[in-house]
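As stored in protein-v5.csv (CSV, N, CA and C atoms):
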chain,number,residue,atom,x,y,z
A,10,MET,N,12.7,1.9,-8.5
A,10,MET,CA,13.6,2.0,-7.4
A,10,MET,C,13.0,1.2,-6.2
A,11,CYS,N,13.9,0.6,-5.6
A,11,CYS,CA,13.5,-0.2,-4.4
A,11,CYS,C,14.6,-0.2,-3.4
A,12,GLY,N,14.3,-0.7,-2.2
A,12,GLY,CA,15.3,-0.9,-1.2
A,12,GLY,C,15.9,-2.3,-1.2
A,13,ARG,N,16.8,-2.5,-0.3
A,13,ARG,CA,17.5,-3.8,-0.3
A,13,ARG,C,16.6,-4.9,0.3
A,14,THR,N,15.7,-4.6,1.1
A,14,THR,CA,14.8,-5.6,1.7
A,14,THR,C,14.0,-6.2,0.6
A,15,LEU,N,13.4,-5.5,-0.3
A,15,LEU,CA,12.6,-6.0,-1.4
A,15,LEU,C,13.5,-6.7,-2.4
A,16,PHE,N,14.6,-6.2,-2.7
A,16,PHE,CA,15.6,-6.8,-3.6
A,16,PHE,C,16.0,-8.2,-3.0
A,17,ASP,N,16.3,-8.3,-1.8
A,17,ASP,CA,16.6,-9.6,-1.2
A,17,ASP,C,15.5,-10.5,-1.2
A,18,PHE,N,14.3,-10.0,-0.8
A,18,PHE,CA,13.1,-10.9,-0.8
A,18,PHE,C,12.8,-11.5,-2.1
A,19,THR,N,13.0,-10.8,-3.2
A,19,THR,CA,12.7,-11.3,-4.5
A,19,THR,C,13.9,-12.0,-5.1
A,20,GLY,N,15.0,-12.0,-4.4
A,20,GLY,CA,16.2,-12.6,-5.0
A,20,GLY,C,16.7,-11.8,-6.2
A,21,GLY,N,16.4,-10.5,-6.2
A,21,GLY,CA,16.8,-9.7,-7.3
A,21,GLY,C,16.1,-10.1,-8.6
A,22,TRP,N,14.9,-10.6,-8.5
A,22,TRP,CA,14.1,-11.0,-9.6
A,22,TRP,C,14.9,-11.9,-10.6
A,23,GLY,N,15.9,-12.6,-10.1
A,23,GLY,CA,16.7,-13.5,-11.0
A,23,GLY,C,17.5,-12.7,-12.0
A,24,GLY,N,17.7,-11.4,-11.8
A,24,GLY,CA,18.5,-10.6,-12.7
A,24,GLY,C,17.7,-9.8,-13.7
A,25,THR,N,16.4,-10.1,-13.8
A,25,THR,CA,15.5,-9.3,-14.7
A,25,THR,C,14.2,-9.0,-13.9
A,26,HIS,N,13.9,-7.7,-13.7
A,26,HIS,CA,12.7,-7.3,-13.1
A,26,HIS,C,11.5,-7.8,-13.9
A,27,THR,N,10.4,-8.0,-13.2
A,27,THR,CA,9.2,-8.5,-13.9
A,27,THR,C,8.7,-7.6,-15.0
A,28,MET,N,9.0,-6.3,-14.9
A,28,MET,CA,8.6,-5.3,-15.9
A,28,MET,C,9.7,-5.1,-16.9
A,29,ASP,N,10.7,-5.8,-16.8
A,29,ASP,CA,11.9,-5.7,-17.7
A,29,ASP,C,12.4,-4.3,-17.8
A,30,VAL,N,12.6,-3.7,-16.7
A,30,VAL,CA,13.2,-2.3,-16.6
A,30,VAL,C,14.4,-2.3,-15.7
A,31,PRO,N,15.3,-1.3,-15.9
A,31,PRO,CA,16.4,-1.2,-15.0
A,31,PRO,C,15.9,-0.9,-13.6
A,32,VAL,N,16.7,-1.3,-12.6
A,32,VAL,CA,16.3,-1.1,-11.2
A,32,VAL,C,17.4,-0.5,-10.4
A,33,VAL,N,17.1,0.6,-9.7
A,33,VAL,CA,18.0,1.2,-8.8
A,33,VAL,C,17.7,0.7,-7.4
A,34,VAL,N,18.7,0.1,-6.7
A,34,VAL,CA,18.5,-0.4,-5.3
A,34,VAL,C,19.2,0.4,-4.3
A,35,VAL,N,18.5,1.0,-3.4
A,35,VAL,CA,19.1,1.7,-2.3
A,35,VAL,C,19.5,0.7,-1.2
A,36,THR,N,20.8,0.8,-0.9
A,36,THR,CA,21.4,-0.2,0.1
A,36,THR,C,22.5,0.4,0.9
A,37,HIS,N,22.8,-0.2,2.0
A,37,HIS,CA,24.0,0.1,2.8
A,37,HIS,C,25.2,-0.6,2.3
A,38,GLU,N,25.0,-1.8,1.6
A,38,GLU,CA,26.1,-2.6,1.2
A,38,GLU,C,25.7,-3.3,-0.1
A,39,ILE,N,26.6,-3.2,-1.1
A,39,ILE,CA,26.3,-3.8,-2.4
A,39,ILE,C,26.5,-5.3,-2.3
A,40,PRO,N,25.5,-6.0,-2.9
A,40,PRO,CA,25.6,-7.5,-2.8
A,40,PRO,C,26.6,-8.0,-3.9
A,41,THR,N,27.9,-8.0,-3.6
A,41,THR,CA,28.9,-8.3,-4.6
A,41,THR,C,28.8,-9.7,-5.2
A,42,ASP,N,28.4,-10.6,-4.4
A,42,ASP,CA,28.3,-12.0,-4.9
A,42,ASP,C,27.1,-12.1,-5.9
A,43,TRP,N,26.0,-11.4,-5.7
A,43,TRP,CA,24.9,-11.3,-6.6
A,43,TRP,C,25.3,-10.6,-7.9
A,44,VAL,N,26.0,-9.5,-7.8
A,44,VAL,CA,26.5,-8.8,-8.9
A,44,VAL,C,27.4,-9.6,-9.8
A,45,LYS,N,28.3,-10.4,-9.2
A,45,LYS,CA,29.2,-11.3,-9.9
A,45,LYS,C,28.4,-12.4,-10.6
A,46,ALA,N,27.3,-12.9,-10.0
A,46,ALA,CA,26.5,-13.9,-10.6
A,46,ALA,C,25.6,-13.5,-11.7
A,47,HIS,N,25.3,-12.1,-11.7
A,47,HIS,CA,24.4,-11.5,-12.7
A,47,HIS,C,25.1,-10.3,-13.4
A,48,PRO,N,26.2,-10.6,-14.1
A,48,PRO,CA,27.0,-9.4,-14.7
A,48,PRO,C,26.2,-8.6,-15.7
A,49,ASP,N,25.2,-9.1,-16.3
A,49,ASP,CA,24.5,-8.3,-17.3
A,49,ASP,C,23.1,-7.8,-16.8
A,50,ALA,N,22.8,-8.0,-15.5
A,50,ALA,CA,21.6,-7.5,-15.0
A,50,ALA,C,21.6,-6.0,-14.9
A,51,PRO,N,20.4,-5.4,-15.3
A,51,PRO,CA,20.4,-3.9,-15.3
A,51,PRO,C,20.0,-3.4,-13.9
A,52,PHE,N,20.8,-3.7,-12.9
A,52,PHE,CA,20.6,-3.3,-11.6
A,52,PHE,C,21.7,-2.4,-11.2
A,53,HIS,N,21.4,-1.3,-10.5
A,53,HIS,CA,22.3,-0.3,-10.0
A,53,HIS,C,22.1,-0.1,-8.5
A,54,PHE,N,23.2,-0.3,-7.8
A,54,PHE,CA,23.2,-0.2,-6.4
A,54,PHE,C,23.7,1.1,-5.9
A,55,VAL,N,23.0,1.8,-5.1
A,55,VAL,CA,23.3,3.2,-4.6
A,55,VAL,C,23.5,3.1,-3.1
A,56,THR,N,24.6,3.5,-2.6
A,56,THR,CA,24.8,3.5,-1.1
A,56,THR,C,24.8,4.9,-0.5
A,57,ASP,N,24.5,5.9,-1.3
A,57,ASP,CA,24.5,7.3,-0.8
A,57,ASP,C,23.2,7.8,-0.5
A,58,GLY,N,22.2,7.0,-0.3
A,58,GLY,CA,20.8,7.5,0.1
A,58,GLY,C,19.9,7.7,-1.0
A,59,VAL,N,18.6,8.0,-0.7
A,59,VAL,CA,17.5,8.1,-1.6
A,59,VAL,C,17.6,9.3,-2.6
A,60,LYS,N,18.2,10.4,-2.2
A,60,LYS,CA,18.3,11.5,-3.1
A,60,LYS,C,19.2,11.1,-4.2
A,61,VAL,N,20.4,10.5,-3.9
A,61,VAL,CA,21.3,10.1,-5.0
A,61,VAL,C,20.7,9.0,-5.8
A,62,ALA,N,19.9,8.1,-5.2
A,62,ALA,CA,19.3,7.0,-6.0
A,62,ALA,C,18.2,7.6,-6.9
A,63,ILE,N,17.4,8.5,-6.5
A,63,ILE,CA,16.4,9.2,-7.3
A,63,ILE,C,17.1,9.8,-8.5
A,64,ALA,N,18.2,10.5,-8.3
A,64,ALA,CA,18.9,11.2,-9.4
A,64,ALA,C,19.4,10.2,-10.4
A,65,LYS,N,20.0,9.1,-9.9
A,65,LYS,CA,20.5,8.0,-10.7
A,65,LYS,C,19.3,7.4,-11.5
A,66,ALA,N,18.2,7.1,-10.9
A,66,ALA,CA,17.0,6.6,-11.6
A,66,ALA,C,16.5,7.5,-12.6
A,67,GLN,N,16.5,8.8,-12.4
A,67,GLN,CA,16.0,9.8,-13.3
A,67,GLN,C,16.9,9.9,-14.5
A,68,THR,N,18.2,9.8,-14.3
A,68,THR,CA,19.2,9.7,-15.4
A,68,THR,C,19.0,8.5,-16.3
A,69,ILE,N,18.8,7.4,-15.7
A,69,ILE,CA,18.5,6.1,-16.4
A,69,ILE,C,17.2,6.2,-17.2
A,70,ALA,N,16.2,6.7,-16.5
A,70,ALA,CA,14.8,6.8,-17.1
A,70,ALA,C,14.7,7.8,-18.2
A,71,GLY,N,15.5,8.9,-18.2
A,71,GLY,CA,15.3,9.9,-19.2
A,71,GLY,C,13.9,10.5,-19.0
A,72,GLU,N,13.1,10.5,-20.1
A,72,GLU,CA,11.8,11.1,-20.1
A,72,GLU,C,10.7,10.1,-19.5
A,73,ARG,N,11.1,8.9,-19.2
A,73,ARG,CA,10.1,7.9,-18.7
A,73,ARG,C,9.9,8.2,-17.2
A,74,THR,N,8.9,7.6,-16.6
A,74,THR,CA,8.5,7.7,-15.2
A,74,THR,C,9.4,6.8,-14.3
A,75,VAL,N,9.8,7.4,-13.2
A,75,VAL,CA,10.5,6.6,-12.2
A,75,VAL,C,9.5,6.2,-11.2
A,76,SER,N,9.5,4.9,-10.9
A,76,SER,CA,8.6,4.3,-9.9
A,76,SER,C,9.4,3.9,-8.6
A,77,VAL,N,8.8,4.2,-7.5
A,77,VAL,CA,9.4,3.8,-6.2
A,77,VAL,C,8.5,2.9,-5.5
A,78,THR,N,9.1,1.8,-4.9
A,78,THR,CA,8.2,0.8,-4.2
A,78,THR,C,7.8,1.4,-2.9
A,79,ALA,N,6.7,0.9,-2.4
A,79,ALA,CA,6.2,1.4,-1.1
A,79,ALA,C,7.1,1.0,0.0
A,80,GLY,N,6.9,1.5,1.2
A,80,GLY,CA,7.7,1.1,2.3
A,80,GLY,C,8.7,2.2,2.7
A,81,THR,N,9.8,1.8,3.3
A,81,THR,CA,10.8,2.7,3.8
A,81,THR,C,11.3,3.6,2.7
A,82,ILE,N,11.6,3.1,1.5
A,82,ILE,CA,12.2,4.0,0.5
A,82,ILE,C,11.2,5.1,0.1
A,83,ALA,N,9.9,4.7,-0.1
A,83,ALA,CA,8.9,5.6,-0.5
A,83,ALA,C,8.7,6.6,0.6
A,84,ARG,N,8.7,6.2,1.8
A,84,ARG,CA,8.5,7.1,3.0
A,84,ARG,C,9.7,8.2,2.9
A,85,GLN,N,10.9,7.7,2.7
A,85,GLN,CA,12.0,8.7,2.7
A,85,GLN,C,11.9,9.6,1.5
A,86,CYS,N,11.4,9.1,0.4
A,86,CYS,CA,11.2,10.0,-0.8
A,86,CYS,C,10.1,11.0,-0.5
A,87,LEU,N,9.0,10.6,0.1
A,87,LEU,CA,7.9,11.5,0.5
A,87,LEU,C,8.4,12.5,1.5
A,88,GLU,N,9.1,12.1,2.5
A,88,GLU,CA,9.6,13.1,3.5
A,88,GLU,C,10.6,14.1,2.8
A,89,LEU,N,11.3,13.7,1.8
A,89,LEU,CA,12.2,14.7,1.1
A,89,LEU,C,11.6,15.5,0.0
A,90,GLY,N,10.3,15.2,-0.2
A,90,GLY,CA,9.6,15.9,-1.3
A,90,GLY,C,10.0,15.5,-2.7
A,91,LEU,N,10.3,14.2,-2.8
A,91,LEU,CA,10.8,13.7,-4.1
A,91,LEU,C,9.7,12.9,-4.9
A,92,LEU,N,8.5,12.8,-4.3
A,92,LEU,CA,7.4,12.1,-5.0
A,92,LEU,C,6.4,13.1,-5.6
A,93,ASP,N,6.0,12.8,-6.9
A,93,ASP,CA,5.0,13.6,-7.5
A,93,ASP,C,3.6,13.0,-7.2
A,94,ALA,N,3.5,11.7,-7.0
A,94,ALA,CA,2.3,11.0,-6.9
A,94,ALA,C,2.4,9.8,-6.0
A,95,VAL,N,1.3,9.3,-5.5
A,95,VAL,CA,1.3,8.1,-4.7
A,95,VAL,C,0.3,7.2,-5.3
A,96,ALA,N,0.7,6.0,-5.6
A,96,ALA,CA,-0.3,5.0,-6.2
A,96,ALA,C,-0.7,4.0,-5.0
A,97,VAL,N,-2.0,3.7,-5.0
A,97,VAL,CA,-2.5,2.8,-4.0
A,97,VAL,C,-3.3,1.8,-4.7
A,98,ASP,N,-3.1,0.5,-4.4
A,98,ASP,CA,-3.9,-0.6,-4.9
A,98,ASP,C,-4.7,-1.1,-3.8
A,99,LEU,N,-6.0,-0.7,-3.8
A,99,LEU,CA,-6.9,-1.1,-2.7
A,99,LEU,C,-7.5,-2.4,-3.0
A,100,VAL,N,-7.3,-3.3,-2.0
A,100,VAL,CA,-7.8,-4.7,-2.1
A,100,VAL,C,-8.8,-4.9,-1.0
A,101,PRO,N,-9.9,-5.5,-1.2
A,101,PRO,CA,-11.0,-5.7,-0.2
A,101,PRO,C,-10.7,-6.8,0.8
A,102,VAL,N,-9.7,-6.5,1.7
A,102,VAL,CA,-9.3,-7.4,2.7
A,102,VAL,C,-9.1,-6.6,4.0
A,103,VAL,N,-9.7,-7.0,5.1
A,103,VAL,CA,-9.4,-6.4,6.4
A,103,VAL,C,-8.4,-7.3,7.1
A,104,MET,N,-7.2,-6.8,7.3
A,104,MET,CA,-6.1,-7.6,7.9
A,104,MET,C,-6.0,-7.3,9.4
A,105,GLY,N,-5.8,-8.3,10.1
A,105,GLY,CA,-5.6,-8.2,11.5
A,105,GLY,C,-4.3,-7.6,11.9
A,106,ARG,N,-3.3,-7.9,11.1
A,106,ARG,CA,-2.0,-7.4,11.3
A,106,ARG,C,-1.4,-7.0,9.9
A,107,GLY,N,-0.3,-6.3,10.0
A,107,GLY,CA,0.4,-5.9,8.8
A,107,GLY,C,1.3,-4.8,9.0
A,108,ARG,N,1.9,-4.3,8.0
A,108,ARG,CA,2.8,-3.1,8.1
A,108,ARG,C,2.1,-1.9,7.5
A,109,PRO,N,2.4,-0.7,8.2
A,109,PRO,CA,1.8,0.5,7.6
A,109,PRO,C,2.4,0.7,6.2
A,110,TYR,N,1.7,1.3,5.4
A,110,TYR,CA,2.1,1.5,4.0
A,110,TYR,C,3.4,2.2,3.9
A,111,PHE,N,3.6,3.3,4.6
A,111,PHE,CA,4.9,4.1,4.6
A,111,PHE,C,5.7,3.9,5.9
A,112,GLY,N,5.1,3.3,6.9
A,112,GLY,CA,5.8,3.4,8.2
A,112,GLY,C,5.4,4.7,8.8
A,113,GLU,N,6.1,5.1,9.9
A,113,GLU,CA,5.8,6.3,10.6
A,113,GLU,C,6.6,7.5,9.9
A,114,LEU,N,5.8,8.4,9.4
A,114,LEU,CA,6.4,9.6,8.8
A,114,LEU,C,7.0,10.5,9.8
A,115,ALA,N,8.1,11.1,9.5
A,115,ALA,CA,8.8,12.1,10.3
A,115,ALA,C,8.1,13.5,10.1
A,116,LEU,N,7.2,13.6,9.2
A,116,LEU,CA,6.4,14.8,8.9
A,116,LEU,C,5.1,14.8,9.5
A,117,ALA,N,4.5,16.0,9.5
A,117,ALA,CA,3.0,16.0,9.8
A,117,ALA,C,2.3,15.4,8.6
A,118,ASP,N,1.0,15.5,8.5
A,118,ASP,CA,0.3,14.9,7.4
A,118,ASP,C,0.8,15.5,6.0
A,119,VAL,N,0.8,14.6,5.0
A,119,VAL,CA,1.2,15.0,3.7
A,119,VAL,C,-0.1,15.0,2.8
A,120,PRO,N,-0.6,16.2,2.4
A,120,PRO,CA,-1.8,16.3,1.7
A,120,PRO,C,-1.6,15.7,0.3
A,121,LEU,N,-2.6,14.9,-0.1
A,121,LEU,CA,-2.7,14.4,-1.5
A,121,LEU,C,-3.9,14.9,-2.1
A,122,GLY,N,-3.9,15.1,-3.5
A,122,GLY,CA,-5.0,15.6,-4.2
A,122,GLY,C,-6.0,14.5,-4.5
A,123,ASP,N,-7.1,14.9,-5.2
A,123,ASP,CA,-8.1,13.9,-5.7
A,123,ASP,C,-7.4,13.0,-6.6
A,124,PRO,N,-7.9,11.7,-6.7
A,124,PRO,CA,-7.2,10.8,-7.6
A,124,PRO,C,-7.3,11.2,-9.0
A,125,THR,N,-6.1,11.0,-9.7
A,125,THR,CA,-6.1,11.3,-11.1
A,125,THR,C,-6.3,10.1,-12.0
A,126,VAL,N,-6.2,8.9,-11.3
A,126,VAL,CA,-6.5,7.6,-11.9
A,126,VAL,C,-7.3,6.8,-11.0
A,127,CYS,N,-8.3,6.2,-11.5
A,127,CYS,CA,-9.1,5.3,-10.7
A,127,CYS,C,-9.6,4.2,-11.6
A,128,ILE,N,-9.0,3.0,-11.4
A,128,ILE,CA,-9.3,1.8,-12.3
A,128,ILE,C,-9.8,0.7,-11.4
A,129,GLN,N,-11.0,0.3,-11.7
A,129,GLN,CA,-11.6,-0.8,-11.0
A,129,GLN,C,-11.2,-2.1,-11.7
A,130,GLY,N,-10.6,-3.0,-11.0
A,130,GLY,CA,-10.3,-4.3,-11.5
A,130,GLY,C,-11.1,-5.4,-10.8
A,131,ASP,N,-10.6,-6.6,-10.9
A,131,ASP,CA,-11.2,-7.8,-10.2
A,131,ASP,C,-10.7,-7.8,-8.8
A,132,ARG,N,-11.5,-7.4,-7.9
A,132,ARG,CA,-11.2,-7.4,-6.4
A,132,ARG,C,-10.0,-6.4,-6.1
A,133,VAL,N,-9.8,-5.4,-6.9
A,133,VAL,CA,-8.8,-4.4,-6.7
A,133,VAL,C,-9.2,-3.1,-7.3
A,134,THR,N,-8.9,-2.0,-6.7
A,134,THR,CA,-9.1,-0.7,-7.3
A,134,THR,C,-7.7,0.0,-7.2
A,135,HIS,N,-7.3,0.5,-8.4
A,135,HIS,CA,-6.0,1.1,-8.5
A,135,HIS,C,-6.3,2.7,-8.5
A,136,LEU,N,-5.6,3.3,-7.6
A,136,LEU,CA,-5.8,4.8,-7.5
A,136,LEU,C,-4.4,5.5,-7.5
A,137,MET,N,-4.4,6.7,-8.1
A,137,MET,CA,-3.2,7.5,-8.2
A,137,MET,C,-3.5,8.9,-7.7
A,138,PHE,N,-2.8,9.3,-6.6
A,138,PHE,CA,-3.1,10.6,-6.0
A,138,PHE,C,-1.9,11.5,-6.2
A,139,PRO,N,-2.0,12.7,-6.7
A,139,PRO,CA,-0.9,13.6,-6.7
A,139,PRO,C,-0.5,14.1,-5.3
A,140,VAL,N,0.8,14.3,-5.1
A,140,VAL,CA,1.2,15.0,-3.9
A,140,VAL,C,1.0,16.5,-4.1
A,141,THR,N,0.2,17.1,-3.2
A,141,THR,CA,-0.1,18.5,-3.4
A,141,THR,C,0.8,19.5,-2.7
A,142,GLU,N,1.6,19.0,-1.7
A,142,GLU,CA,2.5,19.9,-1.0
A,142,GLU,C,3.9,19.2,-0.9
A,143,ARG,N,4.9,19.9,-1.0
A,143,ARG,CA,6.3,19.4,-0.9
A,143,ARG,C,6.9,19.8,0.5
A,144,THR,N,7.8,19.0,1.0
A,144,THR,CA,8.5,19.5,2.2
A,144,THR,C,9.5,20.5,1.7
A,145,SER,N,10.1,21.2,2.7
A,145,SER,CA,11.0,22.3,2.4
A,145,SER,C,12.3,21.8,1.8
A,146,GLU,N,12.6,20.5,2.1
A,146,GLU,CA,13.9,19.9,1.6
A,146,GLU,C,13.8,19.4,0.2
A,147,GLY,N,12.6,19.2,-0.4
A,147,GLY,CA,12.5,18.6,-1.7
A,147,GLY,C,12.3,19.6,-2.8
A,148,PRO,N,12.3,19.2,-4.1
A,148,PRO,CA,12.0,20.1,-5.2
A,148,PRO,C,10.6,20.5,-5.3
A,149,GLY,N,10.3,21.5,-6.0
A,149,GLY,CA,8.9,21.7,-6.3
A,149,GLY,C,8.5,23.1,-5.8
For this file, produce the structure as structure tokens.
Amino acid sequence: MCGRTLFDFTGGWGGTHTMDVPVVVVTHEIPTDWVKAHPDAPFHFVTDGVKVAIAKAQTIAGERTVSVTAGTIARQCLELGLLDAVAVDLVPVVMGRGRPYFGELALADVPLGDPTVCIQGDRVTHLMFPVTERTSEGPG
């Protein structure tokens, strides 16, 4: 699942996501020209917010895992208590500028548990942290 900003930035991955999976895109406006140009693309556009998008993604995924991209959409899901875990790919670069991973949360701190996955790669460490508390609005 991703937001319209990432979808537009990637050009909709040319109609096929790099992981060859269906994609749910949260948007205010469906890109009708793109949809017409890619009639067989497994992309689903949701204009009713992240709760509806998560439900759509879960229906499509069945028993498989639903992944949410970082940024605004992940922040909204975290605030609504819709995330089970947060994945972080730690790269050894100190940036002078950039964007916060989630942006500014409308919540107080969100506790995460100890990493359940820690994979060291070439100049990257992949970490997976369970979300240990839910907001009152979300499931759990």
As a PDB file with N, CA and C atoms, in the coordinates of the input, please: the residues near segment 11-15 of chain A (cut-off 6.5 Å, all atoms listed in the file, same-chain neighbours under 3 positions excluded).
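Output (part_1.pdb):
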ATOM      1  N   PHE A  18      14.300 -10.000  -0.800  1.00  0.00           N
ATOM      2  CA  PHE A  18      13.100 -10.900  -0.800  1.00  0.00           C
ATOM      3  C   PHE A  18      12.800 -11.500  -2.100  1.00  0.00           C
ATOM      4  N   THR A  19      13.000 -10.800  -3.200  1.00  0.00           N
ATOM      5  CA  THR A  19      12.700 -11.300  -4.500  1.00  0.00           C
ATOM      6  C   THR A  19      13.900 -12.000  -5.100  1.00  0.00           C
ATOM      7  N   GLY A  20      15.000 -12.000  -4.400  1.00  0.00           N
ATOM      8  CA  GLY A  20      16.200 -12.600  -5.000  1.00  0.00           C
ATOM      9  C   GLY A  20      16.700 -11.800  -6.200  1.00  0.00           C
ATOM     10  N   GLY A  21      16.400 -10.500  -6.200  1.00  0.00           N
ATOM     11  CA  GLY A  21      16.800  -9.700  -7.300  1.00  0.00           C
ATOM     12  C   GLY A  21      16.100 -10.100  -8.600  1.00  0.00           C
ATOM     13  N   VAL A  32      16.700  -1.300 -12.600  1.00  0.00           N
ATOM     14  CA  VAL A  32      16.300  -1.100 -11.200  1.00  0.00           C
ATOM     15  C   VAL A  32      17.400  -0.500 -10.400  1.00  0.00           C
ATOM     16  N   VAL A  33      17.100   0.600  -9.700  1.00  0.00           N
ATOM     17  CA  VAL A  33      18.000   1.200  -8.800  1.00  0.00           C
ATOM     18  C   VAL A  33      17.700   0.700  -7.400  1.00  0.00           C
ATOM     19  N   VAL A  34      18.700   0.100  -6.700  1.00  0.00           N
ATOM     20  CA  VAL A  34      18.500  -0.400  -5.300  1.00  0.00           C
ATOM     21  C   VAL A  34      19.200   0.400  -4.300  1.00  0.00           C
ATOM     22  N   VAL A  35      18.500   1.000  -3.400  1.00  0.00           N
ATOM     23  CA  VAL A  35      19.100   1.700  -2.300  1.00  0.00           C
ATOM     24  C   VAL A  35      19.500   0.700  -1.200  1.00  0.00           C
ATOM     25  N   THR A  36      20.800   0.800  -0.900  1.00  0.00           N
ATOM     26  CA  THR A  36      21.400  -0.200   0.100  1.00  0.00           C
ATOM     27  C   THR A  36      22.500   0.400   0.900  1.00  0.00           C
ATOM     28  N   SER A  76       9.500   4.900 -10.900  1.00  0.00           N
ATOM     29  CA  SER A  76       8.600   4.300  -9.900  1.00  0.00           C
ATOM     30  C   SER A  76       9.400   3.900  -8.600  1.00  0.00           C
ATOM     31  N   VAL A  77       8.800   4.200  -7.500  1.00  0.00           N
ATOM     32  CA  VAL A  77       9.400   3.800  -6.200  1.00  0.00           C
ATOM     33  C   VAL A  77       8.500   2.900  -5.500  1.00  0.00           C
ATOM     34  N   THR A  78       9.100   1.800  -4.900  1.00  0.00           N
ATOM     35  CA  THR A  78       8.200   0.800  -4.200  1.00  0.00           C
ATOM     36  C   THR A  78       7.800   1.400  -2.900  1.00  0.00           C
ATOM     37  N   ILE A  82      11.600   3.100   1.500  1.00  0.00           N
ATOM     38  CA  ILE A  82      12.200   4.000   0.500  1.00  0.00           C
ATOM     39  C   ILE A  82      11.200   5.100   0.100  1.00  0.00           C
TER      40      ILE A  82
END
Need to verify the contact set: His135 of chain A, 7 Å, only N, CA and C atoms, exclusion of same-chain residues closer than 4 positions in sequence. Can you return it as number ranges by chain?
A: 96-99, 126-130
List every residue of segment 70-119 of chain A that DSSP, applied to the backbone of this structure, places in strand (DSSP E), and write the result as a PyMOL selection string.
chain A and resi 94-99
Taking the backbone alone, and naming residues the way the document does, which bits of segment 24-139 of chain A are helix (DSSP H, G or I) by DSSP, as a list in words?
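Of segment 24-139 of chain A, only Gly24, Thr41, Asp42, Trp43, Val44, Lys45, Ala46, Val59, Lys60, Val61, Ala62, Ile63, Ala64, Lys65, Ala66, Gln67, Thr68, Ile69, Ala70, Thr81, Ile82, Ala83, Arg84, Gln85, Cys86, Leu87 and Glu88 of chain A fall in helix (DSSP H, G or I).
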Taking only C-alpha atoms into account, name the residue in A:Pro48, A:Val30, A:Val102, A:Ala94 that is nearest to Ala66 of chain A.
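Among the listed residues, A:Val30 lies closest to Ala66 of chain A.
Among the candidate residues A:Ala79, A:Ala46, A:Gln85, A:Phe138, the one lying nearest to Met10 of chain A is A:Ala79, with distances computed using only N, CA and C atoms.
In terms of minimum interatomic distance to Ala115 of chain A, A:Thr81 ranks closest within A:Thr81, A:Thr141, A:Gln67, A:Thr134, counting only C-alpha atoms.
Minimum atom-to-atom distances from A:Asp93, A:His37, A:Arg84, A:Pro139 to Thr125 of chain A were compared using only N, CA and C atoms, and the lowest value belongs to A:Pro139.
The two atoms in question, atom C of Trp22 of chain A and atom N of Thr41 of chain A, are spaced 15.3 Å apart.
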What's around Ala70 of chain A at 9 Å? Count only C-alpha atoms, leave out sequence neighbours fewer than 5 positions away in its own chain, and write the answer as number ranges by chain.
A: 31, 65, 75
Of the residues A:Ala62, A:Val133, A:Ile39, A:Val140, which is the one nearest to Val100 of chain A, using all atoms listed in the file?
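With all atoms listed in the file as the atom set, the closest residue is A:Val133.
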Which residues are near Glu142 of chain A? Cut-off 7 Å, all atoms listed in the file, ignore same chain within fewer than 4 positions. Put them as a PDB file with N, CA and C atoms, keeping the file's coordinate frame.
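Generated file (result18.pdb):
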ATOM      1  N   GLY A  90      10.300  15.200  -0.200  1.00  0.00           N
ATOM      2  CA  GLY A  90       9.600  15.900  -1.300  1.00  0.00           C
ATOM      3  C   GLY A  90      10.000  15.500  -2.700  1.00  0.00           C
ATOM      4  N   VAL A 119       0.800  14.600   5.000  1.00  0.00           N
ATOM      5  CA  VAL A 119       1.200  15.000   3.700  1.00  0.00           C
ATOM      6  C   VAL A 119      -0.100  15.000   2.800  1.00  0.00           C
ATOM      7  N   PRO A 120      -0.600  16.200   2.400  1.00  0.00           N
ATOM      8  CA  PRO A 120      -1.800  16.300   1.700  1.00  0.00           C
ATOM      9  C   PRO A 120      -1.600  15.700   0.300  1.00  0.00           C
ATOM     10  N   LEU A 121      -2.600  14.900  -0.100  1.00  0.00           N
ATOM     11  CA  LEU A 121      -2.700  14.400  -1.500  1.00  0.00           C
ATOM     12  C   LEU A 121      -3.900  14.900  -2.100  1.00  0.00           C
ATOM     13  N   GLY A 122      -3.900  15.100  -3.500  1.00  0.00           N
ATOM     14  CA  GLY A 122      -5.000  15.600  -4.200  1.00  0.00           C
ATOM     15  C   GLY A 122      -6.000  14.500  -4.500  1.00  0.00           C
TER      16      GLY A 122
END
Separation of atom C of Asp123 of chain A and atom CA of Met137 of chain A, in Å?
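Calculated distance between atom C of Asp123 of chain A and atom CA of Met137 of chain A is 7.1 Å.
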Please output segment 115-119 of chain A, rebuilt to include N, CA, C and O atoms, as a PDB file, in the coordinates of the input.
ATOM      1  N   ALA A 115       8.100  11.100   9.500  1.00  0.00           N
ATOM      2  CA  ALA A 115       8.800  12.100  10.300  1.00  0.00           C
ATOM      3  C   ALA A 115       8.100  13.500  10.100  1.00  0.00           C
ATOM      4  O   ALA A 115       8.462  14.464  10.770  1.00  0.00           O
ATOM      5  N   LEU A 116       7.200  13.600   9.200  1.00  0.00           N
ATOM      6  CA  LEU A 116       6.400  14.800   8.900  1.00  0.00           C
ATOM      7  C   LEU A 116       5.100  14.800   9.500  1.00  0.00           C
ATOM      8  O   LEU A 116       4.562  13.791   9.921  1.00  0.00           O
ATOM      9  N   ALA A 117       4.500  16.000   9.500  1.00  0.00           N
ATOM     10  CA  ALA A 117       3.000  16.000   9.800  1.00  0.00           C
ATOM     11  C   ALA A 117       2.300  15.400   8.600  1.00  0.00           C
ATOM     12  O   ALA A 117       2.967  14.840   7.695  1.00  0.00           O
ATOM     13  N   ASP A 118       1.000  15.500   8.500  1.00  0.00           N
ATOM     14  CA  ASP A 118       0.300  14.900   7.400  1.00  0.00           C
ATOM     15  C   ASP A 118       0.800  15.500   6.000  1.00  0.00           C
ATOM     16  O   ASP A 118       1.254  16.615   5.946  1.00  0.00           O
ATOM     17  N   VAL A 119       0.800  14.600   5.000  1.00  0.00           N
ATOM     18  CA  VAL A 119       1.200  15.000   3.700  1.00  0.00           C
ATOM     19  C   VAL A 119      -0.100  15.000   2.800  1.00  0.00           C
ATOM     20  O   VAL A 119      -0.645  13.946   2.549  1.00  0.00           O
TER      21      VAL A 119
END
